[in-house]
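**Q** Pasting a structure here, questions to come.
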Amino acid sequence: MDAGLTCMSDRQANALECRGVTKRFGALVAVDRVDFTVGVGEVVGIGGPNGAGKTTFFDLISGLTPMSEGTIRYMGQDIAGTAPHDLCRKGLSRTFQLNPGFDDLTVYENVLAAQVFGRRSAGGLLLTRRADREAARAVLADIGLADIADDRVAGIPVLARKKLMVATAMVNEPDILLLDEPVGGLTPPEIEEFIALMLQLKDQGLTLIFIEHVMHFLMAVAGRAMIMHQGRIIYDGTPQGLSSDPTVTEVYLGSAGLEVPA
């Protein structure tokens with residue numbers, strides 16, 4: 001970890017600061033002057049209708065897409081223009097809506113491979129250090145995948161693939177973990193299992209920011225909710241306040257047929 005980042009990572013520091021973040025695709029403004037701050041150890045759930053700009057916003061934070069305007073600071077350091085693999089080395093990791101993996105490798109080998117571009121990188125494409133192997137096994141145990149560590153990824157179920165994405169992020173010891181629709185496609189019992197995993201990470205003090213339409217998951221995990229619509233933030237507050245906010249009800253909860261659990 002860079003010395004400049006280390007000195008910023010106290011409890012008073014903001015993990016993430018976005019100011020005036022904007023992304024234009026021609027005449028379309030996908031993300032419109034968003035101001036968004038997340039404290040160290042905070043857990044924020046982001047919701048909103050399809051096309052609201054949520055995933056594009058994640059793409060800007062994680063370096064996959066360049067901003068049109070604005071600033072993004074991670075642990076006090078401006079990260080605009082920083083490549084995704086460099087952000088991973090600094091401690092910002094991300095998972096995606098889909099569940100990609102190296103299907104011909106085992107679960108363990110996928111986690112080992114994930115260290116190539118992270119903080120634990122040995123500086124090459126082949127990891128042979130004992131510490132790397134031990135770290136991969138330890139993460140699999142923590143995430144609940146140790147029993148299938150030697151199974152090929154092509155044959156594992158959806159829930160295990162989603163957990164594997166978390167494992168490949170966590171092996172690099174991130175300060176911030178971004179998750180894009182982590183429980184999409186899961187059954188209710190599987191969602192409960194994934195909630196337990198997220199609460200485990202939350203208890204460890206990890207800063208979590210996730211996009212999710214499943215309101216039960218958002219209510220169970222997030223300490224704060226942020227709702228986007230047409231590229232802008234229309235709500236930023238407690239998850240419990242969502243159902244009483246008229247704008248959120250009109251443009252998101254009502255139109256989508258979603259219910260906020262009591």
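We label chains A, B, ... in the order they appear in the structure tokens, count residues from 1 in each chain, and number ligands from 1 in the order shown.
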Would you mind listing what lies within 7 Å of A:Val40 as a PDB file with N, CA and C atoms, in the first residue's frame, with only C-alpha atoms counted and same-chain residues fewer than 2 positions away left out?
**A**
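part.pdb, freshly written:
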```pdb
ATOM      1  N   ARG A  11      -9.981   6.368  10.901  1.00  0.00           N
ATOM      2  CA  ARG A  11     -11.440   6.371  10.957  1.00  0.00           C
ATOM      3  C   ARG A  11     -12.036   7.714  10.573  1.00  0.00           C
ATOM      4  N   ALA A  13     -10.996   9.497   7.976  1.00  0.00           N
ATOM      5  CA  ALA A  13     -10.868   9.679   6.536  1.00  0.00           C
ATOM      6  C   ALA A  13     -12.117   9.188   5.824  1.00  0.00           C
ATOM      7  N   ASN A  14     -12.416   9.810   4.688  1.00  0.00           N
ATOM      8  CA  ASN A  14     -13.444   9.274   3.807  1.00  0.00           C
ATOM      9  C   ASN A  14     -12.810   8.224   2.920  1.00  0.00           C
ATOM     10  N   ALA A  15     -13.491   7.104   2.785  1.00  0.00           N
ATOM     11  CA  ALA A  15     -12.978   6.071   1.887  1.00  0.00           C
ATOM     12  C   ALA A  15     -13.098   6.519   0.438  1.00  0.00           C
ATOM     13  N   VAL A  38     -18.431   8.419   0.974  1.00  0.00           N
ATOM     14  CA  VAL A  38     -18.585   7.209   1.785  1.00  0.00           C
ATOM     15  C   VAL A  38     -17.473   7.178   2.824  1.00  0.00           C
ATOM     16  N   GLU A  42     -18.203   2.261   6.136  1.00  0.00           N
ATOM     17  CA  GLU A  42     -19.628   2.453   5.863  1.00  0.00           C
ATOM     18  C   GLU A  42     -20.117   1.418   4.846  1.00  0.00           C
ATOM     19  N   THR A 207     -15.361  -1.450   3.955  1.00  0.00           N
ATOM     20  CA  THR A 207     -16.260  -0.496   3.314  1.00  0.00           C
ATOM     21  C   THR A 207     -16.922  -1.184   2.126  1.00  0.00           C
TER      22      THR A 207
END
```
**Q** Do you know which residues are at most 7 Å from A:Thr238 counting only C-alpha atoms, after dropping those on the same chain fewer than 3 positions away, and could you put them as number ranges by chain?
**A** A: 223-225, 241
**Q** With distances taken over only C-alpha atoms, which of A:Ile79, A:Arg129, A:Ile46, A:Asp86 is nearest to A:Ile61?
**A**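 The closest residue to A:Ile61 is A:Ile79.
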**Q** Out of stretch 3-176 of chain A, which residues get alpha helix (DSSP H) from DSSP, as a short mmCIF file (atom, residue, chain, number, x, y, z; two decimals) with all heavy atoms, in the first residue's frame?
**A**
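Saved file selection_4.cif follows:
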```cif
data_model
loop_
_atom_site.label_atom_id
_atom_site.label_comp_id
_atom_site.auth_asym_id
_atom_site.auth_seq_id
_atom_site.Cartn_x
_atom_site.Cartn_y
_atom_site.Cartn_z
N ALA A 3 2.44 4.77 0.84
CA ALA A 3 2.55 5.44 2.14
C ALA A 3 1.54 6.55 2.26
O ALA A 3 0.97 6.80 3.32
CB ALA A 3 3.98 5.98 2.31
N GLY A 4 1.28 7.25 1.14
CA GLY A 4 0.31 8.34 1.16
C GLY A 4 -1.09 7.86 1.47
O GLY A 4 -1.88 8.57 2.09
N LEU A 5 -1.41 6.64 1.01
CA LEU A 5 -2.73 6.09 1.29
C LEU A 5 -2.81 5.60 2.72
O LEU A 5 -3.84 5.74 3.38
CB LEU A 5 -3.02 4.94 0.33
CG LEU A 5 -3.15 5.33 -1.14
CD1 LEU A 5 -3.44 4.09 -1.97
CD2 LEU A 5 -4.23 6.37 -1.34
N THR A 6 -1.72 5.03 3.21
CA THR A 6 -1.73 4.49 4.56
C THR A 6 -2.04 5.56 5.58
O THR A 6 -2.83 5.36 6.51
CB THR A 6 -0.36 3.85 4.89
OG1 THR A 6 -0.09 2.84 3.93
CG2 THR A 6 -0.37 3.24 6.28
N LYS A 54 -26.56 3.66 -12.56
CA LYS A 54 -25.88 3.03 -11.42
C LYS A 54 -24.60 2.31 -11.83
O LYS A 54 -23.53 2.53 -11.25
CB LYS A 54 -26.84 2.05 -10.71
CG LYS A 54 -28.16 2.66 -10.28
CD LYS A 54 -29.05 1.65 -9.58
CE LYS A 54 -29.46 0.47 -10.44
NZ LYS A 54 -30.29 0.85 -11.61
N THR A 55 -24.71 1.44 -12.82
CA THR A 55 -23.54 0.68 -13.24
C THR A 55 -22.50 1.59 -13.91
O THR A 55 -21.30 1.40 -13.72
CB THR A 55 -23.94 -0.47 -14.18
OG1 THR A 55 -24.74 -1.41 -13.45
CG2 THR A 55 -22.72 -1.19 -14.73
N THR A 56 -22.97 2.57 -14.67
CA THR A 56 -22.03 3.53 -15.25
C THR A 56 -21.27 4.26 -14.16
O THR A 56 -20.06 4.49 -14.27
CB THR A 56 -22.77 4.55 -16.14
OG1 THR A 56 -23.45 3.86 -17.19
CG2 THR A 56 -21.81 5.56 -16.75
N PHE A 57 -21.96 4.62 -13.08
CA PHE A 57 -21.32 5.27 -11.94
C PHE A 57 -20.24 4.36 -11.35
O PHE A 57 -19.12 4.80 -11.06
CB PHE A 57 -22.37 5.62 -10.90
CG PHE A 57 -21.86 6.38 -9.71
CD1 PHE A 57 -21.04 7.49 -9.87
CD2 PHE A 57 -22.22 6.01 -8.42
CE1 PHE A 57 -20.56 8.19 -8.77
CE2 PHE A 57 -21.75 6.70 -7.32
CZ PHE A 57 -20.92 7.80 -7.49
N PHE A 58 -20.54 3.08 -11.20
CA PHE A 58 -19.54 2.11 -10.74
C PHE A 58 -18.37 2.04 -11.70
O PHE A 58 -17.21 1.92 -11.29
CB PHE A 58 -20.18 0.73 -10.59
CG PHE A 58 -20.55 0.36 -9.17
CD1 PHE A 58 -20.95 1.33 -8.26
CD2 PHE A 58 -20.52 -0.95 -8.75
CE1 PHE A 58 -21.29 0.99 -6.96
CE2 PHE A 58 -20.86 -1.30 -7.46
CZ PHE A 58 -21.23 -0.33 -6.56
N ASP A 59 -18.66 2.06 -13.00
CA ASP A 59 -17.60 2.00 -14.00
C ASP A 59 -16.64 3.19 -13.87
O ASP A 59 -15.42 3.05 -14.08
CB ASP A 59 -18.19 1.98 -15.41
CG ASP A 59 -18.87 0.66 -15.76
OD1 ASP A 59 -18.68 -0.32 -15.01
OD2 ASP A 59 -19.61 0.62 -16.76
N LEU A 60 -17.19 4.35 -13.53
CA LEU A 60 -16.35 5.54 -13.34
C LEU A 60 -15.48 5.40 -12.10
O LEU A 60 -14.29 5.70 -12.13
CB LEU A 60 -17.23 6.79 -13.23
CG LEU A 60 -18.16 7.11 -14.41
CD1 LEU A 60 -19.01 8.34 -14.12
CD2 LEU A 60 -17.37 7.30 -15.70
N ILE A 61 -16.08 4.93 -11.01
CA ILE A 61 -15.32 4.77 -9.76
C ILE A 61 -14.20 3.76 -9.93
O ILE A 61 -13.07 3.96 -9.46
CB ILE A 61 -16.25 4.34 -8.61
CG1 ILE A 61 -17.27 5.44 -8.30
CG2 ILE A 61 -15.44 4.00 -7.36
CD1 ILE A 61 -18.36 4.99 -7.32
N PRO A 84 -7.97 0.15 -13.80
CA PRO A 84 -8.60 -0.75 -12.82
C PRO A 84 -7.61 -1.62 -12.06
O PRO A 84 -7.75 -1.81 -10.85
CB PRO A 84 -9.53 -1.59 -13.69
CG PRO A 84 -9.88 -0.72 -14.84
CD PRO A 84 -8.63 0.07 -15.12
N HIS A 85 -6.59 -2.16 -12.74
CA HIS A 85 -5.65 -3.04 -12.03
C HIS A 85 -4.79 -2.26 -11.04
O HIS A 85 -4.40 -2.79 -10.00
CB HIS A 85 -4.76 -3.81 -13.02
CG HIS A 85 -3.92 -2.97 -13.91
ND1 HIS A 85 -4.40 -2.41 -15.08
CD2 HIS A 85 -2.62 -2.57 -13.80
CE1 HIS A 85 -3.43 -1.72 -15.66
NE2 HIS A 85 -2.35 -1.80 -14.90
N ASP A 86 -4.53 -0.99 -11.34
CA ASP A 86 -3.80 -0.16 -10.37
C ASP A 86 -4.67 0.18 -9.18
O ASP A 86 -4.18 0.25 -8.04
CB ASP A 86 -3.28 1.11 -11.05
CG ASP A 86 -2.15 0.85 -12.02
OD1 ASP A 86 -1.38 -0.11 -11.77
OD2 ASP A 86 -2.03 1.57 -13.02
N LEU A 87 -5.97 0.40 -9.41
CA LEU A 87 -6.89 0.63 -8.29
C LEU A 87 -6.98 -0.60 -7.40
O LEU A 87 -7.08 -0.48 -6.17
CB LEU A 87 -8.28 1.00 -8.82
CG LEU A 87 -8.40 2.39 -9.46
CD1 LEU A 87 -9.80 2.59 -10.04
CD2 LEU A 87 -8.11 3.48 -8.44
N CYS A 88 -6.95 -1.78 -8.02
CA CYS A 88 -6.98 -3.01 -7.24
C CYS A 88 -5.76 -3.09 -6.33
O CYS A 88 -5.87 -3.48 -5.16
CB CYS A 88 -7.04 -4.22 -8.18
SG CYS A 88 -7.23 -5.80 -7.35
N ARG A 89 -4.61 -2.71 -6.84
CA ARG A 89 -3.40 -2.73 -6.02
C ARG A 89 -3.48 -1.72 -4.87
O ARG A 89 -2.90 -1.93 -3.81
CB ARG A 89 -2.17 -2.41 -6.87
CG ARG A 89 -1.77 -3.53 -7.82
CD ARG A 89 -0.37 -3.33 -8.36
NE ARG A 89 -0.01 -4.41 -9.26
CZ ARG A 89 -0.05 -4.35 -10.57
NH1 ARG A 89 -0.45 -3.24 -11.15
NH2 ARG A 89 0.29 -5.37 -11.32
N LYS A 90 -4.21 -0.64 -5.08
CA LYS A 90 -4.36 0.37 -4.04
C LYS A 90 -5.38 -0.05 -2.98
O LYS A 90 -5.41 0.50 -1.88
CB LYS A 90 -4.78 1.71 -4.65
CG LYS A 90 -3.72 2.39 -5.50
CD LYS A 90 -4.25 3.68 -6.09
CE LYS A 90 -3.23 4.33 -7.01
NZ LYS A 90 -2.04 4.81 -6.28
N VAL A 107 -11.65 -23.72 -8.42
CA VAL A 107 -12.01 -22.57 -7.59
C VAL A 107 -10.77 -21.99 -6.93
O VAL A 107 -10.56 -20.77 -6.94
CB VAL A 107 -13.05 -23.01 -6.53
CG1 VAL A 107 -13.29 -21.91 -5.50
CG2 VAL A 107 -14.37 -23.39 -7.20
N TYR A 108 -9.94 -22.85 -6.38
CA TYR A 108 -8.69 -22.41 -5.74
C TYR A 108 -7.79 -21.70 -6.73
O TYR A 108 -7.21 -20.65 -6.43
CB TYR A 108 -7.99 -23.61 -5.13
CG TYR A 108 -6.52 -23.40 -4.82
CD1 TYR A 108 -6.12 -22.57 -3.78
CD2 TYR A 108 -5.54 -24.04 -5.59
CE1 TYR A 108 -4.78 -22.38 -3.49
CE2 TYR A 108 -4.20 -23.86 -5.30
CZ TYR A 108 -3.82 -23.03 -4.26
OH TYR A 108 -2.49 -22.84 -3.99
N GLU A 109 -7.64 -22.26 -7.93
CA GLU A 109 -6.76 -21.65 -8.93
C GLU A 109 -7.27 -20.29 -9.37
O GLU A 109 -6.48 -19.39 -9.68
CB GLU A 109 -6.61 -22.59 -10.13
CG GLU A 109 -5.78 -23.83 -9.82
CD GLU A 109 -5.90 -24.90 -10.89
OE1 GLU A 109 -6.86 -24.87 -11.69
OE2 GLU A 109 -5.02 -25.79 -10.93
N ASN A 110 -8.59 -20.11 -9.41
CA ASN A 110 -9.16 -18.80 -9.74
C ASN A 110 -8.76 -17.75 -8.70
O ASN A 110 -8.42 -16.62 -9.04
CB ASN A 110 -10.68 -18.88 -9.85
CG ASN A 110 -11.16 -19.17 -11.25
OD1 ASN A 110 -11.62 -18.28 -11.97
ND2 ASN A 110 -11.07 -20.44 -11.66
N VAL A 111 -8.83 -18.12 -7.43
CA VAL A 111 -8.46 -17.18 -6.37
C VAL A 111 -6.97 -16.89 -6.42
O VAL A 111 -6.53 -15.74 -6.24
CB VAL A 111 -8.89 -17.73 -4.99
CG1 VAL A 111 -8.41 -16.80 -3.87
CG2 VAL A 111 -10.40 -17.88 -4.92
N LEU A 112 -6.17 -17.90 -6.68
CA LEU A 112 -4.73 -17.71 -6.80
C LEU A 112 -4.41 -16.76 -7.95
O LEU A 112 -3.58 -15.85 -7.83
CB LEU A 112 -4.04 -19.06 -7.01
CG LEU A 112 -2.53 -19.12 -6.80
CD1 LEU A 112 -2.17 -18.80 -5.36
CD2 LEU A 112 -1.99 -20.47 -7.21
N ALA A 113 -5.10 -16.95 -9.08
CA ALA A 113 -4.87 -16.09 -10.25
C ALA A 113 -5.26 -14.65 -9.97
O ALA A 113 -4.65 -13.72 -10.52
CB ALA A 113 -5.64 -16.63 -11.45
N ALA A 114 -6.27 -14.45 -9.13
CA ALA A 114 -6.75 -13.09 -8.86
C ALA A 114 -5.70 -12.24 -8.17
O ALA A 114 -5.76 -11.00 -8.21
CB ALA A 114 -8.01 -13.15 -7.99
N ARG A 130 4.61 -19.50 -1.05
CA ARG A 130 3.79 -20.24 -0.09
C ARG A 130 2.73 -19.32 0.52
O ARG A 130 1.59 -19.73 0.73
CB ARG A 130 4.68 -20.82 1.00
CG ARG A 130 3.91 -21.58 2.08
CD ARG A 130 4.85 -22.17 3.10
NE ARG A 130 4.13 -22.84 4.16
CZ ARG A 130 4.71 -23.45 5.20
NH1 ARG A 130 6.04 -23.44 5.29
NH2 ARG A 130 3.98 -24.02 6.11
N ALA A 131 3.10 -18.06 0.80
CA ALA A 131 2.16 -17.12 1.40
C ALA A 131 0.95 -16.88 0.51
O ALA A 131 -0.18 -16.73 0.99
CB ALA A 131 2.85 -15.80 1.70
N ASP A 132 1.17 -16.86 -0.81
CA ASP A 132 0.06 -16.66 -1.75
C ASP A 132 -0.89 -17.85 -1.72
O ASP A 132 -2.12 -17.69 -1.74
CB ASP A 132 0.59 -16.45 -3.17
CG ASP A 132 1.43 -15.20 -3.30
OD1 ASP A 132 1.02 -14.16 -2.74
OD2 ASP A 132 2.48 -15.25 -3.95
N ARG A 133 -0.34 -19.03 -1.69
CA ARG A 133 -1.17 -20.24 -1.66
C ARG A 133 -1.97 -20.31 -0.35
O ARG A 133 -3.15 -20.65 -0.35
CB ARG A 133 -0.31 -21.48 -1.84
CG ARG A 133 0.44 -21.53 -3.19
CD ARG A 133 1.03 -22.91 -3.45
NE ARG A 133 2.06 -23.26 -2.47
CZ ARG A 133 3.36 -22.97 -2.60
NH1 ARG A 133 3.77 -22.30 -3.67
NH2 ARG A 133 4.24 -23.35 -1.69
N GLU A 134 -1.32 -19.96 0.73
CA GLU A 134 -2.00 -19.98 2.02
C GLU A 134 -3.10 -18.93 2.08
O GLU A 134 -4.18 -19.17 2.63
CB GLU A 134 -0.99 -19.76 3.15
CG GLU A 134 -0.03 -20.93 3.35
CD GLU A 134 1.01 -20.65 4.40
OE1 GLU A 134 1.16 -19.47 4.79
OE2 GLU A 134 1.69 -21.61 4.84
N ALA A 135 -2.84 -17.75 1.51
CA ALA A 135 -3.85 -16.69 1.49
C ALA A 135 -5.07 -17.12 0.69
O ALA A 135 -6.22 -16.86 1.09
CB ALA A 135 -3.26 -15.41 0.92
N ALA A 136 -4.85 -17.77 -0.44
CA ALA A 136 -5.96 -18.24 -1.27
C ALA A 136 -6.81 -19.26 -0.52
O ALA A 136 -8.05 -19.19 -0.53
CB ALA A 136 -5.43 -18.84 -2.57
N ARG A 137 -6.18 -20.20 0.15
CA ARG A 137 -6.91 -21.22 0.91
C ARG A 137 -7.67 -20.58 2.07
O ARG A 137 -8.81 -20.96 2.37
CB ARG A 137 -5.95 -22.28 1.44
CG ARG A 137 -5.28 -23.13 0.37
CD ARG A 137 -6.24 -24.10 -0.27
NE ARG A 137 -5.57 -24.98 -1.23
CZ ARG A 137 -6.20 -25.85 -2.01
NH1 ARG A 137 -7.51 -25.96 -1.96
NH2 ARG A 137 -5.51 -26.61 -2.85
N ALA A 138 -7.05 -19.59 2.73
CA ALA A 138 -7.69 -18.94 3.87
C ALA A 138 -8.94 -18.17 3.44
O ALA A 138 -9.97 -18.22 4.12
CB ALA A 138 -6.70 -17.99 4.56
N VAL A 139 -8.87 -17.49 2.31
CA VAL A 139 -10.03 -16.74 1.82
C VAL A 139 -11.16 -17.70 1.45
O VAL A 139 -12.33 -17.44 1.74
CB VAL A 139 -9.64 -15.85 0.63
CG1 VAL A 139 -10.88 -15.34 -0.11
CG2 VAL A 139 -8.81 -14.67 1.11
N LEU A 140 -10.84 -18.79 0.81
CA LEU A 140 -11.86 -19.78 0.46
C LEU A 140 -12.57 -20.30 1.71
O LEU A 140 -13.79 -20.50 1.71
CB LEU A 140 -11.25 -20.93 -0.33
CG LEU A 140 -10.82 -20.60 -1.76
CD1 LEU A 140 -10.04 -21.75 -2.38
CD2 LEU A 140 -12.03 -20.25 -2.62
N ALA A 141 -11.82 -20.50 2.78
CA ALA A 141 -12.43 -20.95 4.03
C ALA A 141 -13.34 -19.87 4.60
O ALA A 141 -14.46 -20.16 5.04
CB ALA A 141 -11.34 -21.32 5.03
N ASP A 142 -12.89 -18.62 4.57
CA ASP A 142 -13.68 -17.51 5.11
C ASP A 142 -14.98 -17.31 4.33
O ASP A 142 -16.02 -17.01 4.92
CB ASP A 142 -12.88 -16.22 5.08
CG ASP A 142 -11.76 -16.19 6.10
OD1 ASP A 142 -11.81 -17.01 7.04
OD2 ASP A 142 -10.84 -15.36 5.96
N ILE A 143 -14.92 -17.47 3.02
CA ILE A 143 -16.08 -17.22 2.17
C ILE A 143 -17.01 -18.43 2.12
O ILE A 143 -18.15 -18.33 1.69
CB ILE A 143 -15.62 -16.83 0.73
CG1 ILE A 143 -14.73 -15.59 0.79
CG2 ILE A 143 -16.81 -16.56 -0.20
CD1 ILE A 143 -15.39 -14.35 1.34
N VAL A 158 -24.59 -21.27 -9.27
CA VAL A 158 -24.57 -19.80 -9.34
C VAL A 158 -24.14 -19.17 -8.03
O VAL A 158 -23.32 -18.24 -8.00
CB VAL A 158 -25.95 -19.26 -9.78
CG1 VAL A 158 -25.99 -17.74 -9.70
CG2 VAL A 158 -26.28 -19.71 -11.19
N LEU A 159 -24.70 -19.63 -6.92
CA LEU A 159 -24.33 -19.04 -5.62
C LEU A 159 -22.84 -19.17 -5.38
O LEU A 159 -22.19 -18.23 -4.91
CB LEU A 159 -25.12 -19.70 -4.49
CG LEU A 159 -24.76 -19.24 -3.07
CD1 LEU A 159 -24.99 -17.75 -2.91
CD2 LEU A 159 -25.56 -20.03 -2.04
N ALA A 160 -22.27 -20.32 -5.70
CA ALA A 160 -20.83 -20.52 -5.51
C ALA A 160 -20.02 -19.59 -6.42
O ALA A 160 -18.97 -19.08 -6.02
CB ALA A 160 -20.46 -21.97 -5.77
N ARG A 161 -20.51 -19.37 -7.64
CA ARG A 161 -19.81 -18.45 -8.55
C ARG A 161 -19.82 -17.03 -8.00
O ARG A 161 -18.84 -16.29 -8.12
CB ARG A 161 -20.42 -18.50 -9.95
CG ARG A 161 -20.20 -19.83 -10.67
CD ARG A 161 -20.74 -19.76 -12.10
NE ARG A 161 -19.83 -19.00 -12.96
CZ ARG A 161 -18.99 -19.56 -13.84
NH1 ARG A 161 -18.93 -20.88 -13.96
NH2 ARG A 161 -18.23 -18.81 -14.58
N LYS A 162 -20.96 -16.65 -7.41
CA LYS A 162 -21.05 -15.30 -6.83
C LYS A 162 -20.11 -15.18 -5.63
O LYS A 162 -19.44 -14.16 -5.44
CB LYS A 162 -22.49 -14.99 -6.44
CG LYS A 162 -23.39 -14.71 -7.64
CD LYS A 162 -24.79 -14.35 -7.22
CE LYS A 162 -25.67 -13.98 -8.43
NZ LYS A 162 -25.27 -12.69 -9.04
N LYS A 163 -20.07 -16.22 -4.82
CA LYS A 163 -19.13 -16.21 -3.70
C LYS A 163 -17.68 -16.19 -4.19
O LYS A 163 -16.81 -15.57 -3.57
CB LYS A 163 -19.36 -17.43 -2.81
CG LYS A 163 -20.62 -17.35 -1.95
CD LYS A 163 -20.68 -18.56 -1.03
CE LYS A 163 -21.82 -18.46 -0.05
NZ LYS A 163 -21.82 -19.61 0.91
N LEU A 164 -17.42 -16.88 -5.30
CA LEU A 164 -16.07 -16.91 -5.85
C LEU A 164 -15.63 -15.51 -6.28
O LEU A 164 -14.47 -15.14 -6.08
CB LEU A 164 -16.00 -17.87 -7.04
CG LEU A 164 -14.66 -17.94 -7.77
CD1 LEU A 164 -13.54 -18.34 -6.82
CD2 LEU A 164 -14.75 -18.93 -8.94
N MET A 165 -16.55 -14.73 -6.86
CA MET A 165 -16.19 -13.37 -7.23
C MET A 165 -15.79 -12.56 -6.00
O MET A 165 -14.85 -11.76 -6.03
CB MET A 165 -17.34 -12.68 -7.97
CG MET A 165 -17.44 -13.07 -9.43
SD MET A 165 -18.09 -11.73 -10.47
CE MET A 165 -19.68 -11.46 -9.73
N VAL A 166 -16.52 -12.76 -4.90
CA VAL A 166 -16.16 -12.07 -3.67
C VAL A 166 -14.80 -12.55 -3.17
O VAL A 166 -13.95 -11.75 -2.74
CB VAL A 166 -17.24 -12.30 -2.59
CG1 VAL A 166 -16.82 -11.69 -1.25
CG2 VAL A 166 -18.58 -11.72 -3.03
N ALA A 167 -14.56 -13.85 -3.26
CA ALA A 167 -13.27 -14.40 -2.82
C ALA A 167 -12.12 -13.84 -3.63
O ALA A 167 -11.06 -13.51 -3.07
CB ALA A 167 -13.30 -15.93 -2.93
N THR A 168 -12.28 -13.71 -4.95
CA THR A 168 -11.20 -13.20 -5.79
C THR A 168 -10.93 -11.72 -5.49
O THR A 168 -9.81 -11.24 -5.69
CB THR A 168 -11.51 -13.36 -7.28
OG1 THR A 168 -12.73 -12.70 -7.61
CG2 THR A 168 -11.60 -14.83 -7.67
N ALA A 169 -11.95 -11.01 -4.99
CA ALA A 169 -11.74 -9.63 -4.57
C ALA A 169 -11.08 -9.58 -3.19
O ALA A 169 -10.13 -8.83 -2.96
CB ALA A 169 -13.06 -8.87 -4.54
N MET A 170 -11.57 -10.40 -2.27
CA MET A 170 -11.11 -10.34 -0.89
C MET A 170 -9.67 -10.83 -0.71
O MET A 170 -8.99 -10.43 0.23
CB MET A 170 -12.04 -11.14 0.01
CG MET A 170 -13.42 -10.52 0.18
SD MET A 170 -13.36 -8.84 0.84
CE MET A 170 -12.59 -9.13 2.43
#
```
**Q** Using only C-alpha atoms, which of the listed residues (A:Ser243, A:Gln230, A:Gln97, A:Thr82) sits closest to A:Met215?
**A** A:Ser243
**Q** Counting only C-alpha atoms, which residue out of A:Ile191, A:Ile72, A:Ala83, A:Val44 sits closest to A:Leu179?
**A** A:Val44
**Q** I need the residues in stretch 155-189 of chain A that are strand (DSSP E or B) according to DSSP; give them as number ranges by chain.
**A** A: 176-180
**Q** So which one's closest to A:Leu208, A:Gln77, A:Ser93, A:Asn99, A:Thr71? Using only C-alpha atoms, please.
**A**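 When distances to A:Leu208 are compared using only C-alpha atoms, the smallest one comes from A:Ser93.
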